[in-house]
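A.B. asks: So here's input.cif (mmCIF, C-alpha atoms).
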```cif
data_my_file
loop_
_atom_site.label_atom_id
_atom_site.label_comp_id
_atom_site.auth_asym_id
_atom_site.auth_seq_id
_atom_site.Cartn_x
_atom_site.Cartn_y
_atom_site.Cartn_z
CA MET A 1 158.26 -5.74 -26.71
CA SER A 2 159.02 -7.12 -23.29
CA SER A 3 155.93 -7.34 -21.15
CA GLU A 4 157.95 -6.86 -17.96
CA TRP A 5 156.18 -4.23 -15.93
CA PRO A 6 158.20 -1.23 -14.79
CA LEU A 7 159.55 -1.08 -11.26
CA TRP A 8 158.04 1.30 -8.69
CA GLU A 9 159.39 2.39 -5.32
CA VAL A 10 156.78 2.31 -2.57
CA PHE A 11 156.51 4.78 0.31
CA ILE A 12 154.07 4.30 3.17
CA ARG A 13 152.93 6.75 5.80
CA SER A 14 152.18 4.88 8.99
CA GLN A 15 149.38 5.89 11.31
CA HIS A 16 151.57 7.86 13.67
CA GLY A 17 151.73 11.10 11.75
CA LEU A 18 155.20 10.41 10.40
CA ALA A 19 156.58 11.11 6.96
CA HIS A 20 156.18 8.61 4.13
CA LYS A 21 158.93 6.04 4.43
CA HIS A 22 160.43 3.84 1.75
CA VAL A 23 159.32 0.24 2.30
CA GLY A 24 160.34 -1.55 -0.87
CA SER A 25 159.49 -1.82 -4.51
CA LEU A 26 157.23 -3.72 -6.87
CA HIS A 27 156.32 -4.11 -10.52
CA ALA A 28 153.12 -2.70 -11.98
CA PRO A 29 152.02 -1.60 -15.45
CA ASP A 30 150.89 1.86 -14.31
CA ALA A 31 150.62 4.10 -11.26
CA GLY A 32 147.09 3.03 -10.40
CA MET A 33 148.01 -0.64 -10.36
CA ALA A 34 151.19 0.17 -8.45
CA VAL A 35 149.12 1.70 -5.65
CA ARG A 36 146.77 -1.29 -5.59
CA ASN A 37 149.63 -3.76 -5.58
CA ALA A 38 151.43 -1.77 -2.89
CA ARG A 39 148.32 -2.01 -0.75
CA ASP A 40 148.37 -5.80 -1.07
CA VAL A 41 152.11 -6.26 -0.73
CA TYR A 42 153.01 -3.71 1.93
CA THR A 43 149.95 -2.97 4.07
CA ARG A 44 148.45 -6.34 5.04
CA ARG A 45 148.74 -5.48 8.73
CA ASN A 46 147.61 -1.86 9.00
CA GLU A 47 151.09 -0.57 8.27
CA GLY A 48 149.85 2.58 6.64
CA VAL A 49 147.24 5.21 5.94
CA SER A 50 148.76 6.56 2.76
CA ILE A 51 150.79 5.19 -0.13
CA TRP A 52 153.10 6.94 -2.58
CA VAL A 53 154.52 5.16 -5.59
CA VAL A 54 157.32 6.55 -7.75
CA ARG A 55 158.80 4.97 -10.83
CA SER A 56 162.22 3.66 -9.86
CA ALA A 57 163.60 5.11 -13.09
CA ASP A 58 162.60 8.58 -11.85
CA VAL A 59 164.62 8.33 -8.65
CA HIS A 60 167.94 10.14 -8.87
CA ALA A 61 170.35 9.07 -6.16
CA SER A 62 173.70 10.27 -4.91
CA ALA A 63 176.57 8.01 -5.91
CA PRO A 64 178.22 5.86 -3.24
CA GLY A 65 181.61 7.19 -4.44
CA ASP A 66 180.54 10.74 -3.56
CA ARG A 67 179.81 9.81 0.02
CA GLU A 68 182.89 11.47 1.49
CA ALA A 69 182.64 14.63 -0.59
CA LEU A 70 178.98 15.04 0.25
CA PHE A 71 178.79 14.05 3.86
CA ASP A 72 182.20 14.39 5.48
CA PRO A 73 182.04 18.21 5.60
CA ALA A 74 179.28 17.91 8.22
CA ASN A 75 181.52 15.87 10.51
CA ASP A 76 183.62 18.77 11.82
CA LYS A 77 180.71 21.12 12.33
CA VAL A 78 179.56 19.88 15.68
CA TYR A 79 178.53 23.45 16.58
CA ARG A 80 175.43 22.80 14.49
CA HIS A 81 174.13 20.71 17.37
CA PRO A 82 172.71 22.47 20.45
CA THR A 83 174.65 20.16 22.75
CA PHE A 84 177.86 21.88 21.56
CA PHE A 85 177.02 24.83 23.83
CA PRO A 86 177.18 23.97 27.51
CA MET A 87 174.64 25.94 29.50
CA PRO A 88 175.03 26.86 33.16
CA ASP A 89 172.62 24.94 35.42
CA GLU A 90 171.10 28.21 36.66
CA VAL A 91 169.98 29.14 33.18
CA LYS A 92 166.56 27.64 32.51
CA HIS A 93 164.31 27.13 29.51
CA ILE A 94 167.05 27.19 26.91
CA MET B 95 166.98 -23.94 4.35
CA TYR B 96 164.83 -21.83 2.06
CA ALA B 97 168.15 -21.28 0.34
CA GLN B 98 170.05 -24.55 0.37
CA MET B 99 173.56 -25.24 -0.85
CA ILE B 100 174.26 -21.87 -2.41
CA ASP B 101 177.19 -22.05 -4.81
CA THR B 102 179.53 -19.08 -4.45
CA GLY B 103 181.40 -20.06 -7.61
CA LEU B 104 184.64 -19.99 -5.61
CA THR B 105 187.04 -22.79 -4.81
CA LYS B 106 188.81 -21.27 -1.85
CA VAL B 107 188.39 -18.56 0.73
CA ALA B 108 190.61 -15.61 -0.22
CA ASP B 109 193.31 -14.35 2.15
CA THR B 110 193.58 -10.64 2.74
CA ALA B 111 196.92 -10.73 0.90
CA ASP B 112 195.26 -12.00 -2.29
CA MET B 113 192.63 -9.28 -2.29
CA SER B 114 192.58 -6.17 -4.46
CA ASP B 115 192.25 -2.77 -2.76
CA ASP B 116 188.54 -2.73 -3.54
CA GLU B 117 188.09 -6.18 -2.08
CA ARG B 118 189.97 -5.28 1.07
CA ALA B 119 187.89 -2.14 1.57
CA PHE B 120 184.75 -4.16 0.95
CA GLN B 121 185.74 -6.84 3.46
CA ALA B 122 186.65 -4.16 6.01
CA ARG B 123 183.15 -2.70 5.74
CA ILE B 124 181.63 -6.13 6.25
CA ASP B 125 183.90 -6.79 9.22
CA ASP B 126 182.71 -3.47 10.71
CA ASP B 127 179.08 -4.57 10.23
CA VAL B 128 178.42 -1.80 7.73
CA ARG B 129 175.61 -2.83 5.40
CA ILE B 130 176.38 -3.14 1.72
CA GLU B 131 173.88 -1.28 -0.47
CA PRO B 132 173.04 -2.01 -4.11
CA LYS B 133 175.12 0.74 -5.69
CA ASP B 134 178.20 0.06 -3.55
CA TRP B 135 181.14 -1.71 -5.10
CA MET B 136 181.05 -5.43 -4.41
CA PRO B 137 183.01 -8.46 -5.65
CA GLU B 138 181.26 -10.25 -8.49
CA ALA B 139 181.19 -13.48 -6.49
CA TYR B 140 179.36 -11.71 -3.64
CA ARG B 141 176.81 -10.35 -6.10
CA ARG B 142 176.35 -13.73 -7.79
CA THR B 143 176.03 -15.57 -4.51
CA LEU B 144 173.42 -13.16 -3.23
CA ILE B 145 171.46 -13.26 -6.46
CA ARG B 146 171.39 -17.06 -6.24
CA GLN B 147 170.48 -17.11 -2.58
CA ILE B 148 167.80 -14.40 -2.60
CA GLN B 149 166.33 -15.78 -5.79
CA GLN B 150 166.15 -19.31 -4.38
CA HIS B 151 164.60 -17.90 -1.24
CA ALA B 152 162.00 -15.96 -3.29
CA HIS B 153 161.12 -19.01 -5.39
CA SER B 154 160.71 -21.02 -2.19
CA GLU B 155 158.17 -18.54 -0.87
CA VAL B 156 156.20 -18.65 -4.10
CA VAL B 157 156.33 -22.43 -4.60
CA GLY B 158 155.59 -22.72 -0.88
CA MET B 159 152.11 -21.39 -1.57
CA LEU B 160 151.24 -24.55 -3.50
CA PRO B 161 151.17 -27.22 -0.76
CA GLU B 162 149.08 -24.90 1.44
CA GLY B 163 146.86 -23.53 -1.30
CA ASN B 164 145.92 -27.18 -1.77
CA TRP B 165 143.88 -27.00 1.46
CA ILE B 166 142.21 -23.58 1.23
CA THR B 167 139.00 -24.96 -0.23
CA ARG B 168 138.95 -27.83 2.27
CA ALA B 169 139.88 -26.06 5.50
CA PRO B 170 137.63 -27.42 8.27
CA SER B 171 136.01 -24.08 9.17
CA LEU B 172 135.54 -20.59 7.80
CA ALA B 173 137.99 -19.22 10.39
CA ARG B 174 140.66 -21.75 9.41
CA LYS B 175 140.07 -20.93 5.75
CA ALA B 176 140.45 -17.18 6.32
CA ILE B 177 143.62 -17.75 8.34
CA LEU B 178 145.11 -20.06 5.73
CA MET B 179 144.34 -17.58 2.96
CA ALA B 180 146.05 -14.83 4.96
CA LYS B 181 149.08 -17.06 5.40
CA VAL B 182 149.27 -17.92 1.71
CA GLN B 183 148.95 -14.20 0.85
CA ASP B 184 151.87 -13.54 3.16
CA GLU B 185 153.96 -16.12 1.30
CA ALA B 186 153.20 -14.30 -1.95
CA GLY B 187 154.23 -11.04 -0.29
CA HIS B 188 157.45 -12.58 1.00
CA GLY B 189 158.29 -13.79 -2.48
CA LEU B 190 157.73 -10.26 -3.82
CA TYR B 191 159.88 -8.56 -1.16
CA LEU B 192 162.67 -10.97 -2.00
CA TYR B 193 162.42 -10.72 -5.78
CA CYS B 194 162.74 -6.95 -5.41
CA ALA B 195 165.77 -7.33 -3.14
CA ALA B 196 167.41 -9.57 -5.77
CA GLU B 197 166.55 -7.10 -8.53
CA THR B 198 168.61 -4.41 -6.80
CA LEU B 199 171.62 -6.57 -7.70
CA GLY B 200 170.91 -6.25 -11.40
CA VAL B 201 168.96 -9.38 -12.27
CA SER B 202 165.50 -8.96 -13.82
CA ARG B 203 162.33 -10.55 -12.50
CA GLU B 204 161.73 -12.29 -15.82
CA GLN B 205 165.24 -13.70 -15.80
CA MET B 206 164.73 -15.16 -12.34
CA ILE B 207 161.47 -16.77 -13.32
CA GLU B 208 163.01 -18.17 -16.50
CA ASP B 209 165.87 -19.58 -14.44
CA LEU B 210 163.44 -21.29 -12.10
CA HIS B 211 161.44 -22.76 -14.96
CA ALA B 212 164.60 -23.92 -16.72
CA GLY B 213 165.66 -25.70 -13.53
CA LYS B 214 168.79 -23.52 -13.22
CA VAL B 215 167.75 -22.27 -9.80
CA LYS B 216 166.11 -24.39 -7.14
CA TYR B 217 163.59 -23.75 -4.42
CA SER B 218 163.62 -25.37 -1.01
CA SER B 219 163.46 -29.17 -1.06
CA ILE B 220 160.67 -29.12 1.52
CA PHE B 221 158.00 -27.97 -0.93
CA ASN B 222 158.35 -31.13 -2.95
CA TYR B 223 156.45 -33.08 -0.32
CA PRO B 224 152.67 -33.40 -0.51
CA THR B 225 150.12 -32.08 2.01
CA LEU B 226 147.94 -35.18 2.29
CA THR B 227 145.70 -34.29 5.22
CA TRP B 228 144.56 -31.17 7.09
CA ALA B 229 147.07 -32.03 9.82
CA ASP B 230 149.83 -31.41 7.27
CA ILE B 231 148.83 -27.74 7.24
CA GLY B 232 149.41 -27.73 11.00
CA ALA B 233 152.74 -29.54 10.64
CA VAL B 234 153.91 -27.26 7.85
CA GLY B 235 153.19 -24.13 9.88
CA TRP B 236 154.69 -25.53 13.06
CA LEU B 237 157.75 -27.28 11.62
CA VAL B 238 158.48 -25.82 8.20
CA ASP B 239 157.78 -22.23 9.16
CA GLY B 240 159.48 -22.86 12.50
CA ALA B 241 162.60 -24.01 10.66
CA ALA B 242 162.31 -21.04 8.32
CA ILE B 243 162.22 -18.58 11.23
CA MET B 244 165.26 -20.27 12.75
CA ASN B 245 167.15 -19.61 9.55
CA GLN B 246 165.73 -16.20 8.79
CA ILE B 247 166.34 -14.44 12.08
CA PRO B 248 170.13 -14.40 11.57
CA LEU B 249 169.51 -13.25 7.98
CA CYS B 250 168.00 -10.03 9.38
CA ARG B 251 171.65 -9.12 10.11
CA CYS B 252 172.88 -10.16 6.67
CA SER B 253 175.50 -7.82 5.19
CA PHE B 254 173.38 -6.89 2.17
CA GLY B 255 170.95 -4.13 3.15
CA PRO B 256 167.95 -4.90 0.92
CA TYR B 257 168.02 -8.61 1.86
CA ALA B 258 168.33 -7.85 5.58
CA ARG B 259 165.45 -5.36 5.41
CA ALA B 260 163.23 -7.84 3.55
CA MET B 261 164.04 -10.46 6.16
CA ILE B 262 162.99 -8.15 8.99
CA ARG B 263 159.54 -7.75 7.45
CA ILE B 264 159.32 -11.46 6.74
CA CYS B 265 160.31 -12.52 10.25
CA LYS B 266 157.64 -10.29 11.77
CA GLU B 267 155.01 -12.01 9.67
CA GLU B 268 156.39 -15.52 9.84
CA SER B 269 155.76 -15.84 13.53
CA PHE B 270 152.01 -15.84 12.85
CA HIS B 271 152.55 -18.74 10.45
CA GLN B 272 154.27 -20.90 12.99
CA ARG B 273 151.73 -20.18 15.70
CA GLN B 274 148.74 -20.89 13.49
CA GLY B 275 150.35 -24.22 12.59
CA PHE B 276 150.87 -25.11 16.22
CA ASP B 277 147.30 -24.06 16.91
CA VAL B 278 146.05 -26.48 14.25
CA MET B 279 148.16 -29.24 15.84
CA MET B 280 146.85 -28.40 19.32
CA SER B 281 143.24 -28.62 18.17
CA LEU B 282 143.86 -31.99 16.56
CA CYS B 283 145.74 -33.32 19.57
CA ARG B 284 142.90 -32.28 21.87
CA GLY B 285 140.35 -33.87 19.54
CA THR B 286 139.30 -37.45 18.89
CA PRO B 287 141.84 -40.30 18.82
CA GLU B 288 141.53 -40.27 15.03
CA GLN B 289 142.37 -36.55 14.92
CA LYS B 290 145.35 -37.04 17.19
CA ALA B 291 146.53 -39.94 15.01
CA MET B 292 146.28 -37.61 12.03
CA ALA B 293 148.52 -35.09 13.80
CA GLN B 294 151.01 -37.85 14.63
CA ASP B 295 151.02 -39.04 11.03
CA ALA B 296 151.76 -35.52 9.82
CA LEU B 297 154.65 -35.18 12.28
CA ASP B 298 155.97 -38.58 11.17
CA ARG B 299 156.10 -37.46 7.56
CA TRP B 300 157.31 -33.85 8.04
CA TRP B 301 159.94 -34.30 10.75
CA TRP B 302 162.86 -35.53 8.69
CA PRO B 303 162.23 -33.32 5.65
CA SER B 304 162.09 -30.37 8.07
CA LEU B 305 165.52 -31.24 9.46
CA MET B 306 166.84 -31.54 5.91
CA MET B 307 165.70 -27.97 5.20
CA PHE B 308 168.82 -26.71 6.95
CA GLY B 309 170.96 -28.40 4.31
CA PRO B 310 173.84 -30.87 4.68
CA PRO B 311 176.51 -30.42 7.36
CA ASP B 312 178.53 -27.49 6.09
CA ALA B 313 181.62 -27.46 8.29
CA ALA B 314 183.88 -28.31 5.38
CA SER B 315 182.12 -26.33 2.68
CA VAL B 316 184.04 -23.57 0.89
CA HIS B 317 180.76 -21.96 -0.10
CA SER B 318 179.59 -21.79 3.49
CA ALA B 319 182.96 -20.45 4.62
CA HIS B 320 182.72 -17.69 2.03
CA SER B 321 179.15 -16.86 2.87
CA ALA B 322 180.16 -16.65 6.52
CA LYS B 323 183.09 -14.34 5.73
CA TRP B 324 180.73 -12.09 3.79
CA LYS B 325 178.17 -12.25 6.60
CA ILE B 326 175.54 -13.58 4.24
CA LYS B 327 175.31 -16.66 6.37
CA ARG B 328 175.84 -16.15 10.06
CA LEU B 329 175.28 -19.59 11.56
CA SER B 330 176.15 -23.03 10.20
CA ASN B 331 173.53 -25.48 8.97
CA ASP B 332 174.25 -27.78 11.90
CA GLU B 333 174.01 -25.03 14.50
CA LEU B 334 170.63 -23.99 13.15
CA ARG B 335 169.41 -27.58 12.94
CA GLN B 336 170.42 -28.24 16.54
CA ARG B 337 168.59 -25.12 17.71
CA PHE B 338 165.52 -26.22 15.83
CA VAL B 339 165.56 -29.69 17.41
CA ASP B 340 166.12 -28.24 20.90
CA GLN B 341 163.22 -25.86 20.48
CA THR B 342 160.81 -28.28 18.86
CA VAL B 343 161.11 -31.40 21.05
CA PRO B 344 159.45 -29.78 24.11
CA GLN B 345 156.68 -28.45 21.84
CA SER B 346 156.07 -31.95 20.55
CA ASP B 347 156.02 -33.25 24.12
CA TYR B 348 153.41 -30.65 24.96
CA LEU B 349 151.24 -31.90 22.13
CA GLY B 350 151.69 -35.46 23.37
CA LEU B 351 153.17 -36.51 20.04
CA ARG B 352 156.20 -38.70 19.41
CA ILE B 353 159.02 -37.50 17.19
CA PRO B 354 159.85 -40.35 14.79
CA ASP B 355 163.48 -40.79 15.85
CA ASP B 356 164.57 -43.63 18.15
CA ASP B 357 167.91 -41.94 18.75
CA LEU B 358 166.41 -38.71 20.00
CA ALA B 359 167.54 -38.13 23.60
CA TRP B 360 168.51 -35.25 25.86
CA ASN B 361 172.27 -35.06 26.27
CA GLU B 362 173.02 -33.58 29.65
CA ASP B 363 176.72 -33.00 28.88
CA ARG B 364 176.10 -31.10 25.67
CA GLY B 365 172.98 -29.38 26.93
CA HIS B 366 171.32 -30.32 23.65
CA TYR B 367 169.20 -33.09 22.20
CA ASP B 368 171.06 -35.81 20.32
CA PHE B 369 169.21 -36.99 17.26
CA GLY B 370 169.51 -39.72 14.66
CA ALA B 371 171.34 -39.70 11.33
CA ILE B 372 169.61 -37.91 8.48
CA ASP B 373 169.12 -39.76 5.20
CA TRP B 374 170.94 -37.35 2.90
CA SER B 375 170.38 -39.57 -0.11
CA GLU B 376 166.69 -38.63 0.11
CA PHE B 377 167.60 -34.93 0.27
CA HIS B 378 169.82 -35.16 -2.80
CA GLU B 379 167.20 -37.12 -4.72
CA VAL B 380 164.61 -34.44 -3.95
CA LEU B 381 167.02 -31.69 -5.00
CA LYS B 382 167.70 -33.53 -8.25
CA GLY B 383 163.99 -33.46 -9.00
CA HIS B 384 162.93 -36.89 -7.79
CA GLY B 385 160.85 -35.85 -4.77
CA PRO B 386 157.17 -36.75 -4.57
CA CYS B 387 155.94 -33.46 -6.04
CA ASN B 388 158.82 -31.82 -7.99
CA ARG B 389 157.25 -32.23 -11.42
CA ASP B 390 153.81 -31.21 -10.24
CA ARG B 391 155.13 -28.05 -8.53
CA MET B 392 157.09 -26.94 -11.59
CA ARG B 393 154.23 -27.70 -13.93
CA THR B 394 151.90 -25.61 -11.79
CA ARG B 395 154.35 -22.69 -11.71
CA VAL B 396 155.04 -22.81 -15.45
CA ASN B 397 151.33 -22.99 -16.25
CA ALA B 398 150.59 -20.05 -13.96
CA TRP B 399 153.28 -18.00 -15.71
CA GLU B 400 152.21 -18.95 -19.22
CA ASP B 401 148.48 -18.68 -18.58
CA GLY B 402 149.03 -15.24 -17.07
CA ALA B 403 151.10 -13.93 -19.99
CA TRP B 404 148.14 -12.34 -21.77
CA VAL B 405 147.15 -10.51 -18.58
CA ARG B 406 150.64 -9.04 -18.18
CA GLU B 407 150.69 -8.01 -21.83
CA ALA B 408 147.18 -6.57 -21.75
CA ALA B 409 148.00 -4.51 -18.66
CA VAL B 410 151.02 -3.00 -20.44
CA ALA B 411 148.99 -2.32 -23.59
CA HIS B 412 146.28 -0.65 -21.51
CA ALA B 413 148.81 1.53 -19.69
CA GLN B 414 150.40 2.56 -23.00
CA LYS B 415 147.02 3.41 -24.51
CA ARG B 416 146.13 5.61 -21.56
CA ASP B 417 149.52 7.30 -21.69
CA ALA B 418 149.09 8.01 -25.37
CA ARG B 419 145.61 9.43 -24.80
CA ALA B 420 146.82 11.64 -21.98
CA LYS B 421 149.66 12.95 -24.17
CA ALA B 422 147.27 13.61 -27.07
CA ALA B 423 144.91 15.55 -24.80
CA ALA B 424 147.74 17.64 -23.32
#
```
Could you take the file, read its structure, and then write that structure out as structure tokens?
C.D. replies:
Amino acid sequence: MSSEWPLWEVFIRSQHGLAHKHVGSLHAPDAGMAVRNARDVYTRRNEGVSIWVVRSADVHASAPGDREALFDPANDKVYRHPTFFPMPDEVKHI
Amino acid sequence: MYAQMIDTGLTKVADTADMSDDERAFQARIDDDVRIEPKDWMPEAYRRTLIRQIQQHAHSEVVGMLPEGNWITRAPSLARKAILMAKVQDEAGHGLYLYCAAETLGVSREQMIEDLHAGKVKYSSIFNYPTLTWADIGAVGWLVDGAAIMNQIPLCRCSFGPYARAMIRICKEESFHQRQGFDVMMSLCRGTPEQKAMAQDALDRWWWPSLMMFGPPDAASVHSAHSAKWKIKRLSNDELRQRFVDQTVPQSDYLGLRIPDDDLAWNEDRGHYDFGAIDWSEFHEVLKGHGPCNRDRMRTRVNAWEDGAWVREAAVAHAQKRDARAKAAA
């Protein structure tokens, strides 16, 4: 049996009330050690107030080849943005 | 630099006409400054080159802990000790960020460590020099980390996303390393004549090896040309070296120290400092394993890996036992 520890993806929530953000990955034998290692590797300078770790093998990602099929359809739907609708200057609070 | 003389495995720089459709699309993305991500298609040579470079960089961070760790127990005050420990912890962190970036390219951590121990992959030549006095810790931070920053800032814009992102984190932290080194040098230079002489001695020994960190002149190198085309390497070795000299000479003047180079002089026409010829035979000897500390560094790394094997295995066994218990209870 290989003793190589599984890979974990690390997510940190910074102090500013933001969402957890992916910061990198590390190896650890289990979730508890992954959190402890993440604390040492990714929060030496107060970068966070909360850590999530997820086994890399459990992350399912979209394929780079599907990029166009997945994301291009949004390109021609500019009306989804409020700036698409010009408002008269006289109209306030909208 | 931390990654010196990276072999791309290629003998010439490809013309657009010789490229496959995939290669052309890949090069077009690079030319547009679009980052390449791990799952994107990439030429094998690009992948191999990055694996070699990031791996060498990671090993350098880890081996780089050894010359400094040497002084943790003998730092002259508790504050200096705490600072040095924080710096060495950072180096460990930098190594880990980089190993993970390399792993996204499909090489395993164990493989990289085996390659280092088998001598297939190098680490920076600079870490094969000894830290003989406390002033060396100052000189290493000031010069070696200074040279590292010089090299690493352009790498923050490297075409490979995970490497660039790791470099951004590293650069933020590295600046502390350089400043603490300069601070050590300042204290010594403001101290007794003996302390100032110690600082001068450290500069005398670290100056030339620091200039060698940037690697040999690479104007004619196919590997460098390729790395530049792929935006893995954004400035030449000589450009970076010149910047380092230009930046460091005034700092040395401030300290009242003398850089050990009789040919060093400001060149008004070029707007740069001229400096003396570098002894590349020393650099190549160190790379070949004949530096003052090569064998000692490798022995220390191999012992750390082998002595830690039971811990790694025990941690896995413990995790498996707990998993099994949890499943049985469910």
A.B. asks: Using all atoms listed in the file, select each residue of chain A with any atom at most 8 Å away from an atom of chain B, and give the selection as a CSV table (one decimal) with C-alpha atoms, keeping the file's coordinate frame.
C.D. replies:
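And here is the file that came out, part_27.csv:
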```csv
chain,number,residue,atom,x,y,z
A,3,SER,CA,155.9,-7.3,-21.2
A,4,GLU,CA,158.0,-6.9,-18.0
A,5,TRP,CA,156.2,-4.2,-15.9
A,24,GLY,CA,160.3,-1.6,-0.9
A,25,SER,CA,159.5,-1.8,-4.5
A,26,LEU,CA,157.2,-3.7,-6.9
A,29,PRO,CA,152.0,-1.6,-15.4
A,30,ASP,CA,150.9,1.9,-14.3
A,40,ASP,CA,148.4,-5.8,-1.1
A,41,VAL,CA,152.1,-6.3,-0.7
A,42,TYR,CA,153.0,-3.7,1.9
A,63,ALA,CA,176.6,8.0,-5.9
A,64,PRO,CA,178.2,5.9,-3.2
A,65,GLY,CA,181.6,7.2,-4.4
```
A.B. asks: Report the residues retrieved by the PyMOL selection byres ((chain B and resi 355) around 12) from the displayed file, expressed as a list in words.
C.D. replies: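 Applied to this file, the PyMOL selection byres ((chain B and resi 355) around 12) returns Leu297, Asp298, Arg299, Trp301, Trp302, Leu305, Val339, Val343, Leu351, Arg352, Ile353, Pro354, Asp356, Asp357, Leu358, Ala359, Tyr367, Asp368, Phe369, Gly370, Ala371 and Ile372 of chain B.
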A.B. asks: Pull out every residue that the PyMOL selection byres ((chain A and resi 22) around 7) matches in the shown coordinates and put them as a PyMOL selection string.
C.D. replies: chain A and resi 10-12+20-21+23-24
A.B. asks: I'd like the neighbourhood of region 150-167 of chain B as a VMD selection string, where a residue qualifies if any of its atoms comes within 7 Å (using only C-alpha atoms), though same-chain residues fewer than 4 positions away should be ignored.
C.D. replies: chain B and resid 96 to 97 146 175 178 to 179 182 185 to 186 188 to 189 192 to 193 215 to 218 221 224 to 225 231 391
A.B. asks: Mind pulling up the distance from CA of Ala196 (chain B) to CA of Leu144 (chain B)?
C.D. replies: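 Value for the CA of Leu144 (chain B)-CA of Ala196 (chain B) distance: 7.4 Å.
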A.B. asks: Name all residues at most 6 Å from region 270-286 of chain B (count only C-alpha atoms; drop same-chain ones fewer than 5 positions away) and give them as a list in words.
C.D. replies: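 Residues near the query, excluding close chain neighbours: Gly232, Gly235, Trp236, Asp239 and Gly240 of chain B.
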A.B. asks: Rounded to one decimal place, report the CA of Met206 (chain B)-CA of Asn397 (chain B) distance in Å.
C.D. replies: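 Calculated distance between CA of Met206 (chain B) and CA of Asn397 (chain B) is 16.0 Å.
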A.B. asks: Can you pull out the residues contacting Arg55 (chain A)? Cut-off 8 Å, using all atoms listed in the file, and skip same-chain residues under 3 positions away; I want them as a ChimeraX atom specification.
C.D. replies: /A:6-9,58-59
A.B. asks: Translate the PyMOL selection byres ((chain A and resi 49) around 9) into a concrete residue list for this structure, as an MDAnalysis selection string.
C.D. replies: chainID A and resid 12:15 43 46:48 50:51
